[in-house]
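Here is the structure we will look at.
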Amino acid sequence: MPNRAGIETRPPPPAIALTKPAALIDFLSDDGERLLVEAEAREAYFPLASHFVTQENRGFCGVASMTMLLNALEVSAPEVPELSPYRTFTQANVLDDRTEAVLPRETIRRQGMSLDQLGAMLETKPLAVKVRHASESTVGEFRATAKDYLSRPDHFVLVNYLRAAIGQESGGHLSPLAAYHGGCDRFLILDTARYKYPPVWVRADDLFAAMNTRDAASPAKTRGYVRVSRK
């Protein structure tokens, strides 16, 4: 189709290049939107959606999740020189000397971070943080706890799960939960890798199974979830 200058252009490639597994419900579908409207636990959705960011590189899923969460909680942020005098958390400034002591930025860029490392980084901020490994929990406990947090303002849940276990490609990933729908027992994951997948509704037992997997960065422990609120 020609543009205003009369030059023939091709439409841009689709932002989501990978096929969505049939077991997941695309949030951008009619069913996905309906589930959000009907969801009984969705307090996290609007604050997170208002501050959503796509991870800047393939290792920054945890960094992007932290950035969204801190902005959603309206934690006092550093000044951004390019936006002076305004302040906000970005994937550049959410990492500082204290997080560097937990895991260096360049290591995160190469390989991401584990569940415990995410929890330790969040604890460098003025937050109440509770890390729970799936092997120490049950799907029932996870469902009840996550639903409770998603029902309360200023309470958030970040999940660390194996993509392959829910039919996606391919390794470990970190993203925030945004809502829970009891009728179909599904959680909404706001995927930080928007260049790969849209937000999806995943069954609670499938998500728990994906968290109950070993992380190569911390093979003695399983993945799991982190509950976060204001301190």
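Residue names in the structure tokens use chain letters A, B, ... in the order shown, residue numbers from 1 in each chain, and ligand numbers from 1 in the order shown.
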
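For A:Gly167, the list of residues within 12 Å, based on only C-alpha atoms and with local chain neighbours fewer than 6 positions off taken out, reads Leu18, Thr19, Lys20, Pro21, Ala22, Ala23, Leu24, Tyr161, Tyr197, Val200, Val202, Asp206, Leu207, Ala209 and Ala210 of chain A.
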
Would you save the residues of that selection, restricted to C-alpha atoms, as a PDB file, in the first residue's frame?
```pdb
ATOM      1  CA  LEU A  18       5.674 -17.483  17.868  1.00  0.00           C
ATOM      2  CA  THR A  19       2.582 -19.656  17.811  1.00  0.00           C
ATOM      3  CA  LYS A  20       0.495 -19.643  20.991  1.00  0.00           C
ATOM      4  CA  PRO A  21      -0.111 -23.108  22.513  1.00  0.00           C
ATOM      5  CA  ALA A  22      -3.749 -24.230  22.391  1.00  0.00           C
ATOM      6  CA  ALA A  23      -3.878 -24.677  26.179  1.00  0.00           C
ATOM      7  CA  LEU A  24      -3.326 -20.947  26.714  1.00  0.00           C
ATOM      8  CA  TYR A 161       8.395 -20.644  35.473  1.00  0.00           C
ATOM      9  CA  TYR A 197       4.185 -13.725  23.244  1.00  0.00           C
ATOM     10  CA  VAL A 200      -1.912 -15.208  28.330  1.00  0.00           C
ATOM     11  CA  VAL A 202      -2.822 -20.124  31.981  1.00  0.00           C
ATOM     12  CA  ASP A 206      -0.208 -25.866  34.617  1.00  0.00           C
ATOM     13  CA  LEU A 207       1.492 -22.730  35.917  1.00  0.00           C
ATOM     14  CA  ALA A 209       3.839 -27.384  37.355  1.00  0.00           C
ATOM     15  CA  ALA A 210       5.910 -24.948  35.277  1.00  0.00           C
TER      16      ALA A 210
END
```

What are the closest atom pairs, with distances in Å to one decimal, for all residues of stretch 31-127 of chain A lying within 7 Å of stretch 220-229 of chain A? Consider only C-alpha atoms, order rows by chain and residue number, and present the result as a tab-separated table.
```
residue	atom	partner	partner_atom	distance
A:Leu115	CA	A:Arg223	CA	6.1
A:Gly119	CA	A:Val226	CA	6.8
A:Leu127	CA	A:Ser229	CA	5.9
```

Original post:
Can you list, as a VMD selection string, every residue of stretch 54-152 of chain A that DSSP puts in strand (DSSP E)?
Top reply: chain A and resid 127 to 133

**OP:** Find the spatial neighbours of A:Val53, counting only C-alpha atoms, within a cut-off of 10 Å - ignore same-chain residues fewer than 2 positions away - and output them as a VMD selection string.
**Re:** chain A and resid 48 to 51 55 to 56 61 63 to 65 67 to 68 90 to 91 190 to 194

Original post:
Residues at most 12 Å from A:Thr145, counting only C-alpha atoms, excluding those fewer than 6 positions away in the same chain, as a ChimeraX atom specification?
Top reply: /A:41,130,132,137-139,151-152,155-157,180,204,225-228

Please produce an output containing all heavy atoms for each residue in the selection, written as a short mmCIF file (atom, residue, chain, number, x, y, z; two decimals), in the first residue's frame.
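Generated file (result.cif):
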```cif
data_model
loop_
_atom_site.label_atom_id
_atom_site.label_comp_id
_atom_site.auth_asym_id
_atom_site.auth_seq_id
_atom_site.Cartn_x
_atom_site.Cartn_y
_atom_site.Cartn_z
N ALA A 41 -10.30 -11.39 40.94
CA ALA A 41 -9.05 -10.87 41.51
C ALA A 41 -8.25 -10.22 40.39
O ALA A 41 -7.62 -10.91 39.60
CB ALA A 41 -8.26 -12.00 42.15
N LYS A 130 8.32 -11.81 49.87
CA LYS A 130 8.22 -13.20 50.33
C LYS A 130 8.45 -14.13 49.15
O LYS A 130 7.66 -14.17 48.21
CB LYS A 130 6.84 -13.46 50.94
CG LYS A 130 6.53 -12.60 52.16
CD LYS A 130 5.13 -12.87 52.69
CE LYS A 130 4.80 -11.98 53.89
NZ LYS A 130 3.42 -12.21 54.38
N ARG A 132 8.77 -17.88 47.57
CA ARG A 132 8.23 -19.22 47.83
C ARG A 132 8.60 -20.14 46.67
O ARG A 132 8.19 -19.91 45.53
CB ARG A 132 6.71 -19.15 47.96
CG ARG A 132 6.07 -20.44 48.44
CD ARG A 132 6.36 -20.69 49.90
NE ARG A 132 5.46 -21.67 50.48
CZ ARG A 132 5.73 -22.35 51.57
NH1 ARG A 132 6.87 -22.17 52.21
NH2 ARG A 132 4.85 -23.21 52.05
N SER A 137 5.72 -25.72 48.38
CA SER A 137 4.33 -25.29 48.39
C SER A 137 3.46 -26.36 47.73
O SER A 137 3.89 -27.47 47.48
CB SER A 137 4.23 -23.95 47.64
OG SER A 137 2.92 -23.45 47.64
N THR A 138 2.21 -26.00 47.47
CA THR A 138 1.28 -26.85 46.74
C THR A 138 0.51 -25.97 45.78
O THR A 138 0.47 -24.74 45.94
CB THR A 138 0.28 -27.55 47.67
OG1 THR A 138 -0.55 -26.54 48.29
CG2 THR A 138 0.99 -28.36 48.75
N VAL A 139 -0.13 -26.56 44.80
CA VAL A 139 -0.91 -25.76 43.87
C VAL A 139 -2.06 -25.07 44.60
O VAL A 139 -2.42 -23.92 44.27
CB VAL A 139 -1.43 -26.61 42.69
CG1 VAL A 139 -2.39 -27.70 43.16
CG2 VAL A 139 -2.10 -25.73 41.63
N SER A 151 -6.20 -9.71 44.77
CA SER A 151 -7.46 -9.10 45.18
C SER A 151 -7.25 -7.82 45.98
O SER A 151 -8.22 -7.12 46.29
CB SER A 151 -8.28 -10.08 46.03
OG SER A 151 -8.56 -11.26 45.33
N ARG A 152 -5.99 -7.52 46.34
CA ARG A 152 -5.70 -6.41 47.24
C ARG A 152 -4.88 -5.33 46.53
O ARG A 152 -3.94 -5.65 45.81
CB ARG A 152 -4.94 -6.93 48.46
CG ARG A 152 -5.74 -7.95 49.25
CD ARG A 152 -4.85 -8.83 50.12
NE ARG A 152 -4.21 -8.07 51.19
CZ ARG A 152 -3.32 -8.59 52.02
NH1 ARG A 152 -2.97 -9.86 51.90
NH2 ARG A 152 -2.78 -7.86 52.96
N HIS A 155 -0.55 -5.00 46.07
CA HIS A 155 -0.01 -6.33 46.31
C HIS A 155 0.20 -7.01 44.95
O HIS A 155 -0.70 -7.00 44.11
CB HIS A 155 -0.94 -7.17 47.18
CG HIS A 155 -0.94 -6.80 48.62
ND1 HIS A 155 -1.44 -5.59 49.06
CD2 HIS A 155 -0.49 -7.46 49.72
CE1 HIS A 155 -1.31 -5.52 50.38
NE2 HIS A 155 -0.74 -6.64 50.80
N PHE A 156 1.39 -7.60 44.78
CA PHE A 156 1.74 -8.16 43.48
C PHE A 156 2.40 -9.53 43.62
O PHE A 156 2.97 -9.85 44.66
CB PHE A 156 2.67 -7.20 42.73
CG PHE A 156 2.05 -5.86 42.45
CD1 PHE A 156 2.19 -4.81 43.35
CD2 PHE A 156 1.30 -5.66 41.31
CE1 PHE A 156 1.60 -3.58 43.12
CE2 PHE A 156 0.70 -4.43 41.06
CZ PHE A 156 0.85 -3.40 41.96
N VAL A 157 2.32 -10.30 42.55
CA VAL A 157 2.93 -11.63 42.50
C VAL A 157 3.75 -11.73 41.22
O VAL A 157 3.23 -11.50 40.12
CB VAL A 157 1.88 -12.75 42.54
CG1 VAL A 157 2.57 -14.12 42.51
CG2 VAL A 157 1.00 -12.63 43.77
N TYR A 180 -6.80 -13.17 38.33
CA TYR A 180 -7.19 -14.58 38.49
C TYR A 180 -8.68 -14.71 38.24
O TYR A 180 -9.48 -13.92 38.75
CB TYR A 180 -6.87 -15.08 39.90
CG TYR A 180 -7.41 -16.47 40.18
CD1 TYR A 180 -6.79 -17.60 39.62
CD2 TYR A 180 -8.54 -16.66 40.96
CE1 TYR A 180 -7.30 -18.87 39.85
CE2 TYR A 180 -9.05 -17.92 41.22
CZ TYR A 180 -8.42 -19.03 40.65
OH TYR A 180 -8.93 -20.28 40.88
N ALA A 204 -4.10 -22.72 36.55
CA ALA A 204 -3.32 -22.66 37.79
C ALA A 204 -2.44 -23.89 37.95
O ALA A 204 -1.26 -23.77 38.32
CB ALA A 204 -4.25 -22.52 38.99
N TYR A 225 7.48 -18.43 43.12
CA TYR A 225 6.85 -17.12 42.99
C TYR A 225 7.29 -16.20 44.13
O TYR A 225 7.76 -16.64 45.17
CB TYR A 225 5.33 -17.25 42.95
CG TYR A 225 4.69 -17.96 44.13
CD1 TYR A 225 4.07 -17.25 45.15
CD2 TYR A 225 4.67 -19.36 44.20
CE1 TYR A 225 3.48 -17.91 46.22
CE2 TYR A 225 4.07 -20.02 45.26
CZ TYR A 225 3.48 -19.28 46.26
OH TYR A 225 2.89 -19.93 47.33
N VAL A 226 7.14 -14.91 43.89
CA VAL A 226 7.51 -13.89 44.88
C VAL A 226 6.29 -13.01 45.11
O VAL A 226 5.69 -12.50 44.16
CB VAL A 226 8.68 -13.01 44.39
CG1 VAL A 226 9.10 -12.04 45.49
CG2 VAL A 226 9.86 -13.87 43.96
N ARG A 227 5.93 -12.81 46.37
CA ARG A 227 4.87 -11.88 46.74
C ARG A 227 5.49 -10.57 47.19
O ARG A 227 6.44 -10.57 47.97
CB ARG A 227 4.02 -12.47 47.86
CG ARG A 227 3.15 -13.63 47.43
CD ARG A 227 2.54 -14.35 48.63
NE ARG A 227 3.54 -15.17 49.30
CZ ARG A 227 3.37 -15.68 50.52
NH1 ARG A 227 2.28 -15.41 51.21
NH2 ARG A 227 4.31 -16.44 51.07
N VAL A 228 4.96 -9.48 46.70
CA VAL A 228 5.56 -8.17 46.97
C VAL A 228 4.47 -7.17 47.34
O VAL A 228 3.41 -7.13 46.71
CB VAL A 228 6.35 -7.65 45.76
CG1 VAL A 228 7.07 -6.35 46.10
CG2 VAL A 228 7.33 -8.70 45.25
#
```

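Reported to one decimal place, the separation of atom CA of A:Pro126 from atom CA of A:Thr88 is 15.3 Å.
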